[in-house]
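Q: Dumping the structure here so I can ask a few things about it.
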Amino acid sequence: MARPTKAIINLAALRHNFDVAQSLAPESKLIPVIKANAYGHGAVPCAKALSRQAPAFAVACIEEADELRKAGITQTILLLEGVFEAKELSVAASQNYSIVVENQQQLTMLLDAELPSALIAWLKVDSGMHRLGFSPEQASAAWHALEESPNVVDELVLMSHFSSAEDLDSPATGQQVKLVKALASEIGCKTMSLANSAGLIAWPESRCAWNRPGYMIYGRNPLARNSLELKPVMQFVSKVCSIRTINAGDSVGYNGAWTAKRESTIATIPVGYGDGYPRTVKGGTPVLVNGERAPLVGTVSMDMILVDTTDIVDVEMGAEVELWGEHITVDELGEYSNSSGYEVLTRMPARVLREYQG
Ligand SMILES: Cc1ncc(COP(=O)(O)O)c(C=O)c1O
């Protein structure tokens, strides 16, 4: 039997989630964010699965775009961080990649380039996150320079990114929206892109011509207080591969980090931090065994975890295990590991077999 640890990727759920996102803003276009290997789900299969619905895809950089093109994806691909070197511009132009232009160096490279054809550019304004983008004061000059450049096609987009859209009590999102809309009217821009998943879900005023959902496409809602019919795309599963009974007072795993208070049944699961299971999870993190939650005990090894299944009846070799998916959410894993569901998904390494369904 092959090692039973695998990520089952439900592509029908991915398409369903896309439709849910689209239904929130039926008049807008959605550009699903499939950077970082589609948040660990596999960029090429996810792009192929969405290729009938999505007019374009967003990735971080040209290497990720090239992977999609080589796999036969024909849509426009947006480089969210733009280009790092001038030589990428010709490739972008010939491959129909749209580029974000977010700083003066990128702008100069684009204006000075000799390109085989003009590019679609998305000008990014820093509306408050202070990570990427022209300051609101510089953005207007940058916009007009792009408008006049023969290297840029007419469909200029003004974009920005939210720092706190999942926090409904924060004034930041409203202020960011206001700032970008004021800038858009000043420069005469009609095509904007602001919303990530949380913006699209919770801030109707942020829905613009293009929305850029990522997390929700994979079936998770970044807003704890909001219910939407999203379906988790990834089920991370395994099977019990060893079982033992230990005495009260026996310790388990590296450095004996957990000691049994009673006679206990310990099930070993062949999954560890080498498979993207966070090493930083606290003891007691839930693991679904035979459909019931049982606590993780001891430290996470590279290839294995240990679970106290004393309170679950009939746990045998080969019992089904869910690490996360329908019953245990990646957001729970994020909380137990002092991280986030985003990171938990995205750290899924190449080692883990992805089984695509739907
Ligand atoms: C510029 C940009 N837009 C959109 C997204 C998608 O965000 P989310 O996954 O929260 O929907 C990201 C993700 O980090 C991003 O960097």
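By order of appearance in the structure tokens: chains A, B, ..., then residues from 1 within every chain, and ligands from 1 in the order shown.
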Run DSSP on the backbone and grab whatever in range 42-256 of chain A lands in helix (DSSP H, G or I); send it over as a VMD selection string.

A: chain A and resid 43 to 50 62 to 70 87 to 95 104 to 112 136 to 148 172 to 187 197 to 202 204 to 206 215 to 218 254 to 256

Q: Return as CSV the residues of chain A lying at most 6 Å from ligand 1, together with the closest atom-to-atom pair for each and the distance in Å to one decimal, counting only C-alpha atoms and all ligand atoms, with rows in chain order and ascending residue number.

A:
residue,atom,partner,partner_atom_place_in_ligand_line,distance
A:Val33,CA,ligand 1,6 (C),5.7
A:Leu80,CA,ligand 1,1 (C),5.8
A:His161,CA,ligand 1,1 (C),5.5
A:Asn196,CA,ligand 1,11 (O),4.0
A:Ser197,CA,ligand 1,11 (O),3.5
A:Arg212,CA,ligand 1,4 (C),4.8
A:Pro213,CA,ligand 1,11 (O),3.8
A:Gly214,CA,ligand 1,9 (O),3.4
A:Tyr215,CA,ligand 1,9 (O),3.7

Q: Export N, CA, C and O atoms of the chosen residues as a PDB file, in the first residue's frame?

A:
ATOM      1  N   VAL A  33      -7.142  34.599  -7.822  1.00  0.00           N
ATOM      2  CA  VAL A  33      -5.722  34.677  -7.456  1.00  0.00           C
ATOM      3  C   VAL A  33      -5.209  33.257  -7.252  1.00  0.00           C
ATOM      4  O   VAL A  33      -5.654  32.550  -6.339  1.00  0.00           O
ATOM      5  N   LEU A  80       1.000  40.182 -10.192  1.00  0.00           N
ATOM      6  CA  LEU A  80       0.608  41.087  -9.101  1.00  0.00           C
ATOM      7  C   LEU A  80       1.775  41.896  -8.544  1.00  0.00           C
ATOM      8  O   LEU A  80       1.570  42.956  -7.974  1.00  0.00           O
ATOM      9  N   HIS A 161      -4.778  47.540  -2.686  1.00  0.00           N
ATOM     10  CA  HIS A 161      -4.991  46.313  -1.904  1.00  0.00           C
ATOM     11  C   HIS A 161      -5.308  46.691  -0.468  1.00  0.00           C
ATOM     12  O   HIS A 161      -4.738  47.637   0.074  1.00  0.00           O
ATOM     13  N   ASN A 196     -10.248  42.049  -2.498  1.00  0.00           N
ATOM     14  CA  ASN A 196      -9.827  40.663  -2.290  1.00  0.00           C
ATOM     15  C   ASN A 196     -11.066  39.912  -1.781  1.00  0.00           C
ATOM     16  O   ASN A 196     -12.177  40.444  -1.836  1.00  0.00           O
ATOM     17  N   SER A 197     -10.902  38.712  -1.234  1.00  0.00           N
ATOM     18  CA  SER A 197     -12.094  37.961  -0.792  1.00  0.00           C
ATOM     19  C   SER A 197     -12.894  38.750   0.230  1.00  0.00           C
ATOM     20  O   SER A 197     -14.116  38.893   0.104  1.00  0.00           O
ATOM     21  N   ARG A 212     -10.592  40.532  -7.057  1.00  0.00           N
ATOM     22  CA  ARG A 212      -9.458  39.599  -7.033  1.00  0.00           C
ATOM     23  C   ARG A 212      -9.554  38.623  -5.857  1.00  0.00           C
ATOM     24  O   ARG A 212      -8.746  38.665  -4.940  1.00  0.00           O
ATOM     25  N   PRO A 213     -10.523  37.726  -5.867  1.00  0.00           N
ATOM     26  CA  PRO A 213     -10.628  36.805  -4.739  1.00  0.00           C
ATOM     27  C   PRO A 213      -9.596  35.674  -4.811  1.00  0.00           C
ATOM     28  O   PRO A 213      -9.309  35.149  -5.881  1.00  0.00           O
ATOM     29  N   GLY A 214      -9.051  35.344  -3.666  1.00  0.00           N
ATOM     30  CA  GLY A 214      -8.162  34.185  -3.570  1.00  0.00           C
ATOM     31  C   GLY A 214      -8.748  33.180  -2.599  1.00  0.00           C
ATOM     32  O   GLY A 214      -9.392  32.201  -2.981  1.00  0.00           O
ATOM     33  N   TYR A 215      -8.636  33.480  -1.320  1.00  0.00           N
ATOM     34  CA  TYR A 215      -8.973  32.516  -0.259  1.00  0.00           C
ATOM     35  C   TYR A 215     -10.374  31.922  -0.423  1.00  0.00           C
ATOM     36  O   TYR A 215     -10.578  30.730  -0.226  1.00  0.00           O
TER      37      TYR A 215
END

Q: Just the residues within 6 Å of Ala198 in chain A, please, counting only C-alpha atoms, with nothing from its chain fewer than 4 positions along; format it as a list in words.

A: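 Skipping anything fewer than 4 positions along the chain leaves Ala165, Glu166 and Ala202 of chain A.
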
Q: Tell me which protein, DNA and RNA residues are within 10 Å of range 48-58 of chain A, counting only C-alpha atoms, leaving out same-chain ones fewer than 3 positions away, and put them as a ChimeraX atom specification.

A: /A:10-12,14-16,18-19,22,29-35,38,43-45,61,64-65,68,71-81,97-99,210,212-214,358

Q: Could you tell me which of A:Ala121, A:Ile269, A:Met216, A:Val287 comes closest to Val20 in chain A if we count only C-alpha atoms?

A: A:Met216

Q: I'd like the neighbourhood of Gly133 in chain A as a PyMOL selection string, where a residue qualifies if any of its atoms comes within 7 Å (using only C-alpha atoms), though same-chain residues fewer than 4 positions away should be ignored.

A: chain A and resi 102-103+124-126

Q: Mind writing the picked residues with C-alpha atoms as a short mmCIF file (atom, residue, chain, number, x, y, z; two decimals), in the first residue's frame?

A:
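The result, stored in part-v9.cif:
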data_model
loop_
_atom_site.label_atom_id
_atom_site.label_comp_id
_atom_site.auth_asym_id
_atom_site.auth_seq_id
_atom_site.Cartn_x
_atom_site.Cartn_y
_atom_site.Cartn_z
CA GLU A 102 3.73 49.86 -8.49
CA ASN A 103 6.96 51.87 -8.21
CA LYS A 124 -1.13 50.28 -8.08
CA VAL A 125 -1.72 53.02 -5.57
CA ASP A 126 -0.71 52.68 -1.94
#

Q: Taking the DSSP secondary structure from the backbone, can you list the residues of range 206-318 of chain A that are strand (DSSP E), as a PyMOL selection string?

A: chain A and resi 210-211+234-239+242-246+251-252+258-259+264-269+286-289+292-297+305-308

Q: Any idea what's packed within 9 Å of Ser160 in chain A, counting only C-alpha atoms, ignoring anything in its chain fewer than 6 positions away? Could you give it as a ChimeraX atom specification?

A: /A:123-127,129,132-133,176-177,180,192-195

Q: So how far away is CA of Arg279 in chain A from CA of Glu335 in chain A, in Å?

A: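 The value is 12.8 Å.
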
Q: Choose the residue, out of A:Leu183, A:Ala294, A:Leu333, A:Ala248, that has the smallest atom-to-atom separation from Gly276 in chain A; count only C-alpha atoms.

A: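 Of A:Leu183, A:Ala294, A:Leu333, A:Ala248, the one nearest Gly276 in chain A, counting only C-alpha atoms, is A:Leu333.
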